[in-house]
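A.B. asks: So here's upload30.txt (compact mmCIF, C-alpha atoms and all ligand atoms).
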# COMPACT_ATOMS: atom_id res chain seq x y z
CA MET A 1 0.00 0.00 0.00
CA GLY A 2 2.96 2.35 -0.63
CA ASN A 3 4.73 4.16 2.15
CA ARG A 4 2.55 3.99 5.23
CA LYS A 5 5.18 5.22 7.67
CA ASN A 6 4.64 8.52 9.47
CA LEU A 7 0.89 8.41 9.04
CA SER A 8 -1.09 10.29 11.67
CA ALA A 9 -2.96 8.37 14.33
CA GLU A 10 -6.18 9.65 12.81
CA THR A 11 -5.43 8.08 9.43
CA ILE A 12 -4.24 4.83 10.97
CA ASN A 13 -7.44 4.66 13.00
CA ALA A 14 -9.85 5.56 10.19
CA GLN A 15 -8.33 2.89 7.96
CA ALA A 16 -7.82 0.37 10.77
CA LEU A 17 -4.24 -0.05 9.58
CA HIS A 18 -5.46 -0.96 6.11
CA GLN A 19 -5.81 -4.58 7.11
CA ILE A 20 -7.23 -6.13 3.98
CA ASP A 21 -8.96 -9.50 4.29
CA ALA A 22 -6.45 -11.90 2.75
CA MET A 23 -9.08 -14.39 1.52
CA THR A 24 -11.30 -11.97 -0.37
CA GLY A 25 -9.58 -8.60 -0.63
CA GLY A 26 -12.41 -7.15 1.46
CA ILE A 27 -11.44 -3.80 2.92
CA THR A 28 -13.15 -4.63 6.17
CA PRO A 29 -11.98 -7.58 8.24
CA ALA A 30 -13.91 -10.83 8.45
CA ILE A 31 -15.67 -12.14 11.55
CA HIS A 32 -14.16 -15.33 12.94
CA PRO A 33 -16.65 -17.25 15.03
CA SER A 34 -14.67 -20.52 14.98
CA SER A 35 -13.95 -21.85 18.46
CA THR A 36 -11.32 -24.31 17.24
CA PHE A 37 -8.73 -24.49 14.45
CA LEU A 38 -7.65 -27.29 12.14
CA ARG A 39 -4.43 -29.33 12.19
CA ASP A 40 -2.97 -30.91 9.04
CA GLU A 41 -2.18 -34.64 8.47
CA ASN A 42 1.09 -34.21 10.35
CA TYR A 43 -0.82 -32.73 13.23
CA GLN A 44 0.61 -29.26 12.68
CA LEU A 45 -1.70 -26.30 13.14
CA ILE A 46 -2.68 -24.77 9.79
CA ASN A 47 -1.95 -21.40 11.39
CA ALA A 48 0.49 -21.66 14.29
CA ARG A 49 -1.11 -18.74 16.09
CA HIS A 50 -4.56 -20.27 16.28
CA SER A 51 -5.50 -23.41 18.11
CA TYR A 52 -8.51 -22.68 20.30
CA GLY A 53 -10.84 -19.70 20.55
CA ARG A 54 -10.16 -18.88 24.20
CA ASP A 55 -6.46 -18.30 23.50
CA GLU A 56 -6.94 -15.78 20.74
CA ASN A 57 -9.50 -14.86 18.11
CA PRO A 58 -8.19 -13.73 14.69
CA GLY A 59 -10.84 -11.01 14.80
CA TYR A 60 -9.18 -9.30 17.78
CA VAL A 61 -6.09 -8.38 15.81
CA VAL A 62 -7.40 -5.27 14.06
CA ALA A 63 -8.78 -3.48 17.13
CA GLU A 64 -5.79 -4.55 19.26
CA ARG A 65 -3.20 -3.30 16.78
CA VAL A 66 -5.00 -0.04 16.15
CA LEU A 67 -5.40 0.62 19.88
CA ALA A 68 -1.72 -0.15 20.51
CA GLU A 69 -0.77 2.35 17.77
CA LEU A 70 -3.03 5.01 19.24
CA GLU A 71 -1.59 4.53 22.73
CA GLY A 72 2.03 4.34 21.55
CA ALA A 73 2.33 0.83 22.99
CA PRO A 74 3.80 -2.43 21.68
CA ALA A 75 0.51 -4.31 21.98
CA ALA A 76 -3.04 -4.26 23.35
CA LEU A 77 -5.37 -6.97 24.59
CA LEU A 78 -9.15 -6.98 24.28
CA PHE A 79 -11.31 -8.26 27.13
CA SER A 80 -14.95 -9.13 27.55
CA SER A 81 -15.55 -5.92 29.56
CA GLY A 82 -13.76 -2.97 31.08
CA MET A 83 -14.13 -4.63 34.49
CA ALA A 84 -12.52 -7.85 33.21
CA ALA A 85 -9.63 -5.78 31.80
CA ALA A 86 -9.15 -4.01 35.15
CA MET A 87 -9.38 -7.26 37.10
CA ALA A 88 -6.76 -8.94 34.91
CA VAL A 89 -4.34 -6.25 36.10
CA VAL A 90 -5.34 -6.59 39.76
CA GLN A 91 -5.24 -10.40 39.63
CA SER A 92 -1.62 -10.22 38.48
CA LEU A 93 -0.68 -9.11 42.01
CA ARG A 94 0.23 -11.47 44.86
CA PRO A 95 -1.26 -11.73 48.33
CA GLY A 96 0.27 -9.06 50.58
CA ASP A 97 0.80 -6.61 47.71
CA HIS A 98 -0.64 -3.18 48.23
CA ILE A 99 -2.78 -1.08 45.85
CA VAL A 100 -3.43 2.63 45.98
CA ALA A 101 -6.48 4.01 44.14
CA PRO A 102 -8.52 7.23 44.21
CA LYS A 103 -11.58 7.62 46.43
CA VAL A 104 -13.54 8.98 43.50
CA MET A 105 -13.24 6.74 40.46
CA TYR A 106 -15.44 4.43 38.42
CA TRP A 107 -17.82 3.41 41.15
CA GLY A 108 -18.29 -0.21 40.09
CA LEU A 109 -14.56 -0.88 40.12
CA ARG A 110 -13.93 0.90 43.43
CA ASN A 111 -16.63 -1.16 45.16
CA TRP A 112 -15.36 -4.39 43.64
CA LEU A 113 -11.75 -3.56 44.55
CA ILE A 114 -12.71 -3.07 48.19
CA LYS A 115 -14.38 -6.52 48.29
CA PHE A 116 -11.80 -8.30 46.16
CA CYS A 117 -8.73 -6.98 47.99
CA ASP A 118 -10.22 -8.10 51.29
CA ARG A 119 -10.94 -11.58 49.96
CA TRP A 120 -7.61 -12.05 48.20
CA GLY A 121 -5.32 -10.63 50.89
CA LEU A 122 -4.32 -7.51 48.96
CA GLY A 123 -3.85 -4.22 50.80
CA LEU A 124 -5.87 -1.26 49.51
CA ASP A 125 -5.75 2.41 50.45
CA LEU A 126 -7.81 5.10 48.78
CA PHE A 127 -6.50 8.63 48.31
CA ASP A 128 -8.22 11.94 47.73
CA SER A 129 -7.63 12.82 44.08
CA ALA A 130 -8.55 16.48 44.70
CA ASP A 131 -5.60 16.74 47.14
CA PRO A 132 -2.30 17.27 45.24
CA ASP A 133 -0.41 15.37 47.98
CA GLY A 134 -3.05 12.67 48.31
CA LEU A 135 -1.19 9.99 46.37
CA ALA A 136 2.28 10.70 47.82
CA ASN A 137 0.86 10.50 51.35
CA THR A 138 -0.93 7.20 50.73
CA ILE A 139 1.70 5.19 48.87
CA LYS A 140 3.71 2.66 50.92
CA LYS A 141 7.38 2.10 50.32
CA ALA A 142 8.26 -1.52 49.51
CA LYS A 143 4.58 -2.55 49.72
CA THR A 144 2.66 -0.68 47.04
CA LYS A 145 2.86 -2.59 43.79
CA LEU A 146 0.06 -0.90 41.88
CA VAL A 147 -1.06 2.71 41.73
CA TRP A 148 -4.42 2.95 40.02
CA ILE A 149 -5.67 6.26 38.71
CA GLU A 150 -8.46 7.50 36.50
CA THR A 151 -8.29 10.93 34.88
CA PRO A 152 -10.46 12.93 34.49
CA CYS A 153 -12.15 10.84 37.15
CA ASN A 154 -15.75 9.98 37.32
CA PRO A 155 -17.88 12.05 38.08
CA THR A 156 -16.00 14.97 39.68
CA TRP A 157 -13.64 15.05 36.69
CA ASP A 158 -10.71 15.67 39.05
CA VAL A 159 -7.61 15.71 36.90
CA ILE A 160 -4.64 13.70 38.08
CA ASP A 161 -1.19 14.61 36.79
CA ILE A 162 -0.08 11.33 35.16
CA ALA A 163 3.62 12.29 34.97
CA ALA A 164 3.68 13.22 38.67
CA ALA A 165 1.78 10.04 39.63
CA SER A 166 4.22 7.99 37.57
CA GLU A 167 7.19 9.50 39.41
CA ILE A 168 5.60 8.80 42.78
CA ALA A 169 4.67 5.22 41.81
CA HIS A 170 8.10 4.45 40.37
CA SER A 171 9.88 5.92 43.41
CA VAL A 172 8.55 2.99 45.47
CA GLY A 173 8.84 0.43 42.67
CA ALA A 174 5.10 0.34 41.90
CA CYS A 175 3.41 0.26 38.48
CA LEU A 176 1.12 3.05 37.38
CA ALA A 177 -2.14 1.95 35.78
CA VAL A 178 -4.37 4.59 34.20
CA ASP A 179 -8.04 4.04 33.44
CA SER A 180 -8.19 6.20 30.32
CA THR A 181 -11.77 5.40 29.32
CA VAL A 182 -12.92 9.02 29.56
CA PRO A 183 -10.21 10.92 27.63
CA THR A 184 -9.46 8.10 25.14
CA PRO A 185 -6.14 8.10 23.23
CA VAL A 186 -7.51 10.97 21.15
CA LEU A 187 -7.05 13.37 24.08
CA THR A 188 -4.48 11.69 26.35
CA GLN A 189 -1.85 9.02 25.85
CA PRO A 190 -0.88 7.99 29.37
CA ILE A 191 2.18 5.96 28.32
CA LYS A 192 3.78 9.14 26.96
CA HIS A 193 3.40 10.62 30.43
CA GLY A 194 5.02 7.66 32.17
CA ALA A 195 2.13 5.20 32.74
CA ASP A 196 2.95 1.48 32.67
CA ILE A 197 -0.57 0.22 31.99
CA VAL A 198 -3.61 1.76 30.30
CA ILE A 199 -7.10 0.34 30.78
CA HIS A 200 -10.20 1.08 28.74
CA SER A 201 -13.81 0.26 29.06
CA ALA A 202 -14.18 -0.14 25.28
CA THR A 203 -17.92 -0.21 25.98
CA LYS A 204 -17.68 3.57 26.06
CA TYR A 205 -15.90 5.89 23.57
CA LEU A 206 -13.77 3.29 21.79
CA ASN A 207 -16.85 1.51 20.51
CA GLY A 208 -19.03 4.58 20.83
CA HIS A 209 -22.46 3.19 19.99
CA CYS A 210 -23.74 1.68 23.25
CA ASP A 211 -24.08 -1.73 21.61
CA ILE A 212 -21.31 -3.89 23.11
CA ILE A 213 -19.58 -4.49 26.45
CA ALA A 214 -15.81 -4.70 25.99
CA GLY A 215 -12.52 -3.74 27.58
CA ALA A 216 -8.84 -3.42 26.78
CA VAL A 217 -5.46 -3.42 28.49
CA VAL A 218 -2.42 -1.78 26.96
CA THR A 219 1.04 -1.93 28.54
CA ALA A 220 4.16 0.14 27.91
CA LYS A 221 6.31 -3.01 27.77
CA GLN A 222 5.69 -6.64 26.95
CA ASP A 223 7.18 -7.69 30.26
CA GLU A 224 6.32 -10.25 32.94
CA LEU A 225 3.24 -8.30 33.94
CA TRP A 226 2.05 -8.32 30.34
CA GLU A 227 2.55 -12.10 30.16
CA SER A 228 0.55 -12.52 33.32
CA ILE A 229 -2.30 -10.35 31.99
CA CYS A 230 -2.34 -12.38 28.73
CA GLU A 231 -2.44 -15.59 30.73
CA ILE A 232 -5.32 -14.37 32.86
CA ARG A 233 -7.39 -13.44 29.80
CA CYS A 234 -6.78 -16.80 28.22
CA GLN A 235 -6.98 -19.06 31.29
CA ALA A 236 -9.60 -17.20 33.30
CA GLY A 237 -11.51 -16.81 30.04
CA ALA A 238 -12.54 -13.14 29.97
CA VAL A 239 -12.62 -13.23 26.18
CA LEU A 240 -14.61 -10.98 23.88
CA GLY A 241 -17.06 -12.52 21.40
CA SER A 242 -16.09 -12.47 17.74
CA PHE A 243 -19.02 -10.28 16.69
CA GLU A 244 -18.34 -7.82 19.50
CA ALA A 245 -14.69 -7.59 18.40
CA TRP A 246 -15.85 -6.84 14.88
CA LEU A 247 -18.29 -4.17 16.05
CA LEU A 248 -15.51 -2.64 18.13
CA GLN A 249 -13.09 -2.28 15.22
CA ARG A 250 -15.89 -0.69 13.23
CA GLY A 251 -16.94 1.68 16.00
CA MET A 252 -13.32 2.73 16.55
CA ARG A 253 -12.98 4.00 12.97
CA THR A 254 -14.87 7.17 13.89
CA LEU A 255 -13.27 7.64 17.32
CA PHE A 256 -11.51 10.91 16.47
CA LEU A 257 -14.61 12.51 14.95
CA ARG A 258 -16.83 11.45 17.83
CA VAL A 259 -14.48 12.42 20.65
CA ARG A 260 -13.66 15.81 19.13
CA LYS A 261 -17.31 16.61 18.48
CA ALA A 262 -18.33 15.50 21.99
CA SER A 263 -15.51 17.59 23.51
CA GLU A 264 -16.48 20.70 21.53
CA SER A 265 -20.13 20.33 22.46
CA ALA A 266 -19.36 19.59 26.13
CA LEU A 267 -17.27 22.77 26.33
CA ALA A 268 -19.99 24.84 24.66
CA LEU A 269 -22.62 23.40 27.00
CA ALA A 270 -20.41 23.87 30.09
CA LYS A 271 -19.78 27.52 29.19
CA TYR A 272 -23.46 28.12 28.48
CA PHE A 273 -24.69 26.75 31.82
CA GLU A 274 -21.90 28.10 34.04
CA GLY A 275 -23.52 30.98 35.92
CA HIS A 276 -27.06 29.98 34.77
CA ALA A 277 -29.75 31.10 37.22
CA ASN A 278 -30.78 27.50 38.08
CA VAL A 279 -27.30 26.02 38.20
CA LYS A 280 -25.04 26.03 41.26
CA ALA A 281 -21.97 24.77 39.45
CA VAL A 282 -20.78 23.20 36.23
CA ILE A 283 -17.99 20.71 36.78
CA TYR A 284 -15.89 20.32 33.65
CA PRO A 285 -12.09 20.27 33.31
CA GLY A 286 -12.31 22.56 30.27
CA LEU A 287 -13.60 25.44 32.41
CA ALA A 288 -11.04 27.78 34.00
CA SER A 289 -13.07 27.44 37.24
CA HIS A 290 -12.28 23.70 37.48
CA PRO A 291 -9.44 22.99 39.94
CA GLY A 292 -7.84 20.56 37.47
CA HIS A 293 -7.95 22.94 34.51
CA GLN A 294 -4.23 23.76 34.40
CA ILE A 295 -3.14 20.10 34.53
CA ALA A 296 -5.81 19.21 31.98
CA LYS A 297 -4.48 21.89 29.63
CA ARG A 298 -1.01 20.37 29.88
CA GLN A 299 -2.02 16.72 29.78
CA MET A 300 -5.00 16.66 27.42
CA ASP A 301 -4.47 17.40 23.78
CA GLY A 302 -7.25 18.74 21.57
CA GLY A 303 -10.13 18.93 24.05
CA PHE A 304 -11.34 18.14 27.56
CA GLY A 305 -13.66 15.26 26.80
CA GLY A 306 -17.39 14.78 26.51
CA MET A 307 -18.19 14.27 30.20
CA LEU A 308 -19.40 16.89 32.65
CA SER A 309 -21.48 17.24 35.78
CA ILE A 310 -24.00 19.91 36.68
CA GLN A 311 -24.94 20.78 40.23
CA VAL A 312 -28.45 22.20 40.13
CA LYS A 313 -30.06 24.67 42.50
CA GLY A 314 -33.04 23.36 44.46
CA GLY A 315 -31.57 20.13 45.87
CA ALA A 316 -32.10 16.46 45.11
CA GLN A 317 -35.75 16.72 44.13
CA HIS A 318 -35.08 19.43 41.62
CA ALA A 319 -32.21 17.41 40.15
CA LEU A 320 -34.58 14.47 39.63
CA ASN A 321 -37.19 16.79 38.11
CA VAL A 322 -34.65 18.10 35.61
CA VAL A 323 -33.82 14.54 34.55
CA LYS A 324 -37.53 13.78 34.27
CA ARG A 325 -38.15 16.73 31.95
CA CYS A 326 -35.33 15.97 29.51
CA LYS A 327 -36.55 15.03 26.05
CA VAL A 328 -33.35 14.98 23.98
CA PHE A 329 -30.97 13.60 26.60
CA ALA A 330 -31.74 9.94 27.30
CA ARG A 331 -32.09 8.95 30.96
CA ALA A 332 -29.54 6.18 31.24
CA THR A 333 -26.26 5.31 32.86
CA SER A 334 -23.01 4.74 30.91
CA LEU A 335 -21.16 7.18 28.69
CA GLY A 336 -19.24 7.68 25.49
CA GLY A 337 -21.95 6.86 22.94
CA VAL A 338 -23.16 8.91 19.97
CA GLU A 339 -26.31 9.84 21.89
CA SER A 340 -26.25 12.13 24.93
CA LEU A 341 -27.15 10.63 28.29
CA ILE A 342 -28.11 12.19 31.59
CA GLU A 343 -28.13 10.53 34.97
CA HIS A 344 -28.57 11.16 38.65
CA ARG A 345 -25.43 9.45 39.95
CA TYR A 346 -26.56 9.36 43.55
CA THR A 347 -29.59 7.22 42.67
CA ILE A 348 -27.38 4.85 40.68
CA GLU A 349 -24.69 4.56 43.38
CA GLY A 350 -26.97 4.46 46.42
CA GLU A 351 -26.51 5.47 50.04
CA ARG A 352 -22.75 5.05 50.27
CA SER A 353 -22.17 7.30 47.29
CA PRO A 354 -19.84 10.25 47.83
CA ILE A 355 -21.68 12.11 45.04
CA PRO A 356 -23.94 15.00 46.18
CA LYS A 357 -27.66 14.46 45.58
CA ASP A 358 -28.02 17.59 43.48
CA TRP A 359 -25.49 16.45 40.85
CA LEU A 360 -26.34 15.33 37.34
CA ARG A 361 -23.81 13.58 35.15
CA LEU A 362 -23.94 14.24 31.42
CA SER A 363 -22.35 12.25 28.64
CA ILE A 364 -22.39 14.46 25.57
CA GLY A 365 -22.91 12.75 22.24
CA ILE A 366 -22.62 13.99 18.69
CA GLU A 367 -26.03 15.63 18.26
CA PHE A 368 -26.45 19.28 17.21
CA VAL A 369 -25.30 21.08 20.35
CA ASP A 370 -28.09 23.71 20.29
CA ASP A 371 -30.65 20.91 20.66
CA LEU A 372 -28.85 19.68 23.78
CA ILE A 373 -28.61 23.17 25.27
CA ALA A 374 -32.28 23.90 24.55
CA ASP A 375 -33.33 20.59 26.15
CA LEU A 376 -31.42 21.28 29.36
CA GLU A 377 -32.59 24.88 29.40
CA GLN A 378 -36.26 23.83 29.38
CA ALA A 379 -35.60 21.03 31.86
CA LEU A 380 -33.88 23.37 34.34
CA ASP A 381 -36.75 25.85 34.34
C1 LIG A 401 -17.70 1.75 32.39
C2 LIG A 401 -16.38 1.98 32.99
C3 LIG A 401 -15.63 0.90 33.49
C4 LIG A 401 -16.15 -0.53 33.46
O1 LIG A 401 -16.25 -0.99 32.16
P1 LIG A 401 -17.34 -2.10 31.66
O2 LIG A 401 -17.07 -2.17 30.22
O3 LIG A 401 -18.69 -1.58 32.02
O4 LIG A 401 -17.01 -3.35 32.38
C5 LIG A 401 -14.38 1.18 34.01
N1 LIG A 401 -13.90 2.44 34.07
C6 LIG A 401 -14.61 3.50 33.62
C7 LIG A 401 -14.03 4.86 33.71
C8 LIG A 401 -15.87 3.30 33.07
O5 LIG A 401 -16.58 4.36 32.64
Starting from the file, give its structure as structure tokens.
Ligand SMILES: *Cc1c(COP(=O)(O)O)cnc(C)c1O

C.D. replies:
Amino acid sequence: MGNRKNLSAETINAQALHQIDAMTGGITPAIHPSSTFLRDENYQLINARHSYGRDENPGYVVAERVLAELEGAPAALLFSSGMAAAMAVVQSLRPGDHIVAPKVMYWGLRNWLIKFCDRWGLGLDLFDSADPDGLANTIKKAKTKLVWIETPCNPTWDVIDIAAASEIAHSVGACLAVDSTVPTPVLTQPIKHGADIVIHSATKYLNGHCDIIAGAVVTAKQDELWESICEIRCQAGAVLGSFEAWLLQRGMRTLFLRVRKASESALALAKYFEGHANVKAVIYPGLASHPGHQIAKRQMDGGFGGMLSIQVKGGAQHALNVVKRCKVFARATSLGGVESLIEHRYTIEGERSPIPKDWLRLSIGIEFVDDLIADLEQALD
């Protein structure tokens, strides 16, 4: 295909590395549902890489290679969900190892980590991501093996300085893992800033259409940890279905367009509602009023993402009324799809939630932004 060196990430992604189907010349890859693979008369595998479907599916290759390119990593691994991807990293630790993670992060993973670490004899301490010294004060010399961060983190959008976190983690010999689901590689490439591991819920922006559950792990090196993560996917069996892998490589083709559009619209919406008569605060790292704005400007490239929170005036009941009156925003959890979603996090997370009851979390999609603004405007009335 001529000289394909020095192509931009955007081109590589749109063309999915120009992986032409070898059998047919099709410019989109085939789906490979086969669970097992043939051996010849001499009992040699027809294709040495493929023996059984739990080890590896030929249909993973496109999305994995593209994601690795986008993250500046040697390789990526798809998983059956973002949670399975995260757990493959955590399960690579040994009893007695210590993990440090933020207090505010993807709620499902934080809750599961608390339970899992207790059951599996792993130490866990949570730090305050809004406190610049939070991580340094929580990490334990010679004990902490994994520092987990998420940035901007859900749903306060606190921004953690990846380079600083990497220095702190490495000073005690720990790995830095970054859940980069929200910024995606379009806006942040954690490995460039010193991260060892990047995790994605591919359910969200990578796929972008709210029609699969998937996850991915990317590591800076193909080291022992990488081997262990590969082994866990294969042996513990957190494998993605072949159709889901195909949908993912298709969804990813438009990642740059979707993330940029969502970021632009989120910024426009955040600016519009900041200072609105019925709004107490707009929480978005793209606003100068956000405490993480300066780090975000340094660390995020080309936008601040499609996620924001709005604290409404009038308390919990008013927040629920706003959600009720929305007609363009869909009332649903999750994020990163082409359609905008609104949710009352406190209701989703329940009594132990640290999220104030008058907060609404918005995932901005790719609709015409004036329609989104008008919908919220009428709902806030
Ligand atoms: C959704 C999400 C996860 C979990 O991913 P699943 O695909 O739902 O398992 C992890 N981290 C973040 C930031 C998420 O938004």

A.B. asks: Would you mind listing what lies within 12 Å of A:His170 as a PyMOL selection string, with all atoms listed in the file counted and same-chain residues fewer than 3 positions away left out?

C.D. replies: chain A and resi 136+139-142+144-147+162-167+173-177+194-196

A.B. asks: Keeping only C-alpha atoms, write those residues as a PDB file, in the frame of the given file.

C.D. replies:
ATOM      1  CA  ALA A 136       2.280  10.700  47.820  1.00  0.00           C
ATOM      2  CA  ILE A 139       1.700   5.190  48.870  1.00  0.00           C
ATOM      3  CA  LYS A 140       3.710   2.660  50.920  1.00  0.00           C
ATOM      4  CA  LYS A 141       7.380   2.100  50.320  1.00  0.00           C
ATOM      5  CA  ALA A 142       8.260  -1.520  49.510  1.00  0.00           C
ATOM      6  CA  THR A 144       2.660  -0.680  47.040  1.00  0.00           C
ATOM      7  CA  LYS A 145       2.860  -2.590  43.790  1.00  0.00           C
ATOM      8  CA  LEU A 146       0.060  -0.900  41.880  1.00  0.00           C
ATOM      9  CA  VAL A 147      -1.060   2.710  41.730  1.00  0.00           C
ATOM     10  CA  ILE A 162      -0.080  11.330  35.160  1.00  0.00           C
ATOM     11  CA  ALA A 163       3.620  12.290  34.970  1.00  0.00           C
ATOM     12  CA  ALA A 164       3.680  13.220  38.670  1.00  0.00           C
ATOM     13  CA  ALA A 165       1.780  10.040  39.630  1.00  0.00           C
ATOM     14  CA  SER A 166       4.220   7.990  37.570  1.00  0.00           C
ATOM     15  CA  GLU A 167       7.190   9.500  39.410  1.00  0.00           C
ATOM     16  CA  GLY A 173       8.840   0.430  42.670  1.00  0.00           C
ATOM     17  CA  ALA A 174       5.100   0.340  41.900  1.00  0.00           C
ATOM     18  CA  CYS A 175       3.410   0.260  38.480  1.00  0.00           C
ATOM     19  CA  LEU A 176       1.120   3.050  37.380  1.00  0.00           C
ATOM     20  CA  ALA A 177      -2.140   1.950  35.780  1.00  0.00           C
ATOM     21  CA  GLY A 194       5.020   7.660  32.170  1.00  0.00           C
ATOM     22  CA  ALA A 195       2.130   5.200  32.740  1.00  0.00           C
ATOM     23  CA  ASP A 196       2.950   1.480  32.670  1.00  0.00           C
TER      24      ASP A 196
END

A.B. asks: Using all atoms listed in the file, find each residue with an atom at most 7 Å away from ligand LIG 401 (chain A) and format the answer as a VMD selection string.

C.D. replies: chain A and resid 81 to 84 106 108 to 109 150 154 179 to 182 200 to 204 213 to 215 334 to 335

A.B. asks: Per residue of stretch 196-313 of chain A within 7 Å of stretch 2-20 of chain A, which atom pair is closest and at what distance in Å (one decimal), using all atoms listed in the file, listed by chain and increasing number, as a tab-separated table?

C.D. replies:
residue	atom	partner	partner_atom	distance
A:Arg253	CA	A:Ala14	CA	4.5
A:Thr254	CA	A:Ala14	CA	6.4
A:Phe256	CA	A:Glu10	CA	6.6

A.B. asks: Within 6 Å of (-16.2, 15.2, 26.5) (file coordinates; all atoms listed in the file), which protein or nucleic acid residues are there? I'd like them as a compact mmCIF listing (two decimals) with C-alpha atoms, in the coordinates of the input.

C.D. replies:
# COMPACT_ATOMS: atom_id res chain seq x y z
CA ALA A 262 -18.33 15.50 21.99
CA SER A 263 -15.51 17.59 23.51
CA ALA A 266 -19.36 19.59 26.13
CA PHE A 304 -11.34 18.14 27.56
CA GLY A 305 -13.66 15.26 26.80
CA GLY A 306 -17.39 14.78 26.51
CA MET A 307 -18.19 14.27 30.20

A.B. asks: My list of candidates is A:Cys234, A:Ile342, A:Val186, A:Leu255. Which is closest to A:Gly303 when distances are computed with only C-alpha atoms?

C.D. replies: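 Checking each of A:Cys234, A:Ile342, A:Val186, A:Leu255 against A:Gly303, counting only C-alpha atoms, the winner is A:Val186.
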
A.B. asks: Using all atoms listed in the file, find each residue in stretch 223-341 of chain A having at least one atom no more than 10 Å away from stretch 21-32 of chain A; report its shortest atom-to-atom pair and that distance in Å (one decimal), rows by chain then rising number, as JSON lines.

C.D. replies:
{"residue": "A:Gly241", "atom": "CA", "partner": "A:His32", "partner_atom": "CA", "distance": 9.4}
{"residue": "A:Ser242", "atom": "CA", "partner": "A:His32", "partner_atom": "CA", "distance": 5.9}
{"residue": "A:Phe243", "atom": "CA", "partner": "A:Ile31", "partner_atom": "CA", "distance": 6.4}
{"residue": "A:Glu244", "atom": "CA", "partner": "A:Ile31", "partner_atom": "CA", "distance": 9.4}
{"residue": "A:Ala245", "atom": "CA", "partner": "A:Ile31", "partner_atom": "CA", "distance": 8.3}
{"residue": "A:Trp246", "atom": "CA", "partner": "A:Ile31", "partner_atom": "CA", "distance": 6.3}
{"residue": "A:Leu247", "atom": "CA", "partner": "A:Ile31", "partner_atom": "CA", "distance": 9.5}
{"residue": "A:Gln249", "atom": "CA", "partner": "A:Pro29", "partner_atom": "CA", "distance": 8.8}
{"residue": "A:Arg250", "atom": "CA", "partner": "A:Thr28", "partner_atom": "CA", "distance": 8.5}

A.B. asks: Residues of the last selection are to be written out with C-alpha atoms, as a compact mmCIF listing (two decimals), keeping the file's coordinate frame.

C.D. replies:
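Result file follows (part18.txt):
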# COMPACT_ATOMS: atom_id res chain seq x y z
CA GLY A 241 -17.06 -12.52 21.40
CA SER A 242 -16.09 -12.47 17.74
CA PHE A 243 -19.02 -10.28 16.69
CA GLU A 244 -18.34 -7.82 19.50
CA ALA A 245 -14.69 -7.59 18.40
CA TRP A 246 -15.85 -6.84 14.88
CA LEU A 247 -18.29 -4.17 16.05
CA GLN A 249 -13.09 -2.28 15.22
CA ARG A 250 -15.89 -0.69 13.23

A.B. asks: Ranking A:Val312, A:Leu113, A:Ala88, A:Ala288 by minimum distance to A:Gly237 and counting all atoms listed in the file, which one comes first?

C.D. replies: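 Smallest separation from A:Gly237 among the options: A:Ala88.
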
A.B. asks: What is the distance between atom CA of A:Lys280 and atom CA of A:Asp358, in Å to one decimal?

C.D. replies: 9.2 Å

A.B. asks: What's the separation between atom CA of A:Gly59 and atom CA of A:Gly365, in Å to one decimal place?

C.D. replies: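 Interatomic distance, atom CA of A:Gly59 to atom CA of A:Gly365: 27.7 Å.
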
A.B. asks: Please indicate the distance in Å from atom CA of A:Ala281 to atom CA of A:Thr184, rounded to one decimal place.

C.D. replies: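 Those two atoms sit 25.3 Å apart.
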
A.B. asks: The residues within 10 Å of (3.1, -8.9, 49.3), using all atoms listed in the file and the coordinates of the file, should be reported as a list of chain:residue names; which are they?

C.D. replies: A:Leu93, A:Arg94, A:Pro95, A:Gly96, A:Asp97, A:His98, A:Gly121, A:Leu122, A:Gly123, A:Ala142, A:Lys143, A:Thr144, A:Lys145

A.B. asks: Output C-alpha atoms for every residue in that selection, as an mmCIF file, in the frame of the given file.

C.D. replies:
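Below is the file selection-v8.cif, written as the result:
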data_model
loop_
_atom_site.group_PDB
_atom_site.id
_atom_site.type_symbol
_atom_site.label_atom_id
_atom_site.label_comp_id
_atom_site.auth_asym_id
_atom_site.auth_seq_id
_atom_site.Cartn_x
_atom_site.Cartn_y
_atom_site.Cartn_z
ATOM 1 C CA LEU A 93 -0.680 -9.110 42.010
ATOM 2 C CA ARG A 94 0.230 -11.470 44.860
ATOM 3 C CA PRO A 95 -1.260 -11.730 48.330
ATOM 4 C CA GLY A 96 0.270 -9.060 50.580
ATOM 5 C CA ASP A 97 0.800 -6.610 47.710
ATOM 6 C CA HIS A 98 -0.640 -3.180 48.230
ATOM 7 C CA GLY A 121 -5.320 -10.630 50.890
ATOM 8 C CA LEU A 122 -4.320 -7.510 48.960
ATOM 9 C CA GLY A 123 -3.850 -4.220 50.800
ATOM 10 C CA ALA A 142 8.260 -1.520 49.510
ATOM 11 C CA LYS A 143 4.580 -2.550 49.720
ATOM 12 C CA THR A 144 2.660 -0.680 47.040
ATOM 13 C CA LYS A 145 2.860 -2.590 43.790
#

A.B. asks: Box in all listed atoms of stretch 231-243 of chain A, axis-aligned, with 4 Å more on each side; write out centre and edge lengths in Å to one decimal as AutoDock Vina command-line options.

C.D. replies:
--center_x -10.7 --center_y -14.7 --center_z 25.0 --size_x 24.6 --size_y 16.8 --size_z 24.6

A.B. asks: What are the closest atom pairs, with distances in Å to one decimal, for each residue of stretch 91-182 of chain A lying within 10 Å of stretch 352-357 of chain A, using only C-alpha atoms, rows by chain and rising residue number, as JSON lines?

C.D. replies:
{"residue": "A:Lys103", "atom": "CA", "partner": "A:Pro354", "partner_atom": "CA", "distance": 8.8}
{"residue": "A:Val104", "atom": "CA", "partner": "A:Pro354", "partner_atom": "CA", "distance": 7.7}
{"residue": "A:Trp107", "atom": "CA", "partner": "A:Ser353", "partner_atom": "CA", "distance": 8.5}
{"residue": "A:Asn154", "atom": "CA", "partner": "A:Ile355", "partner_atom": "CA", "distance": 10.0}
{"residue": "A:Pro155", "atom": "CA", "partner": "A:Ile355", "partner_atom": "CA", "distance": 7.9}
{"residue": "A:Thr156", "atom": "CA", "partner": "A:Ile355", "partner_atom": "CA", "distance": 8.3}
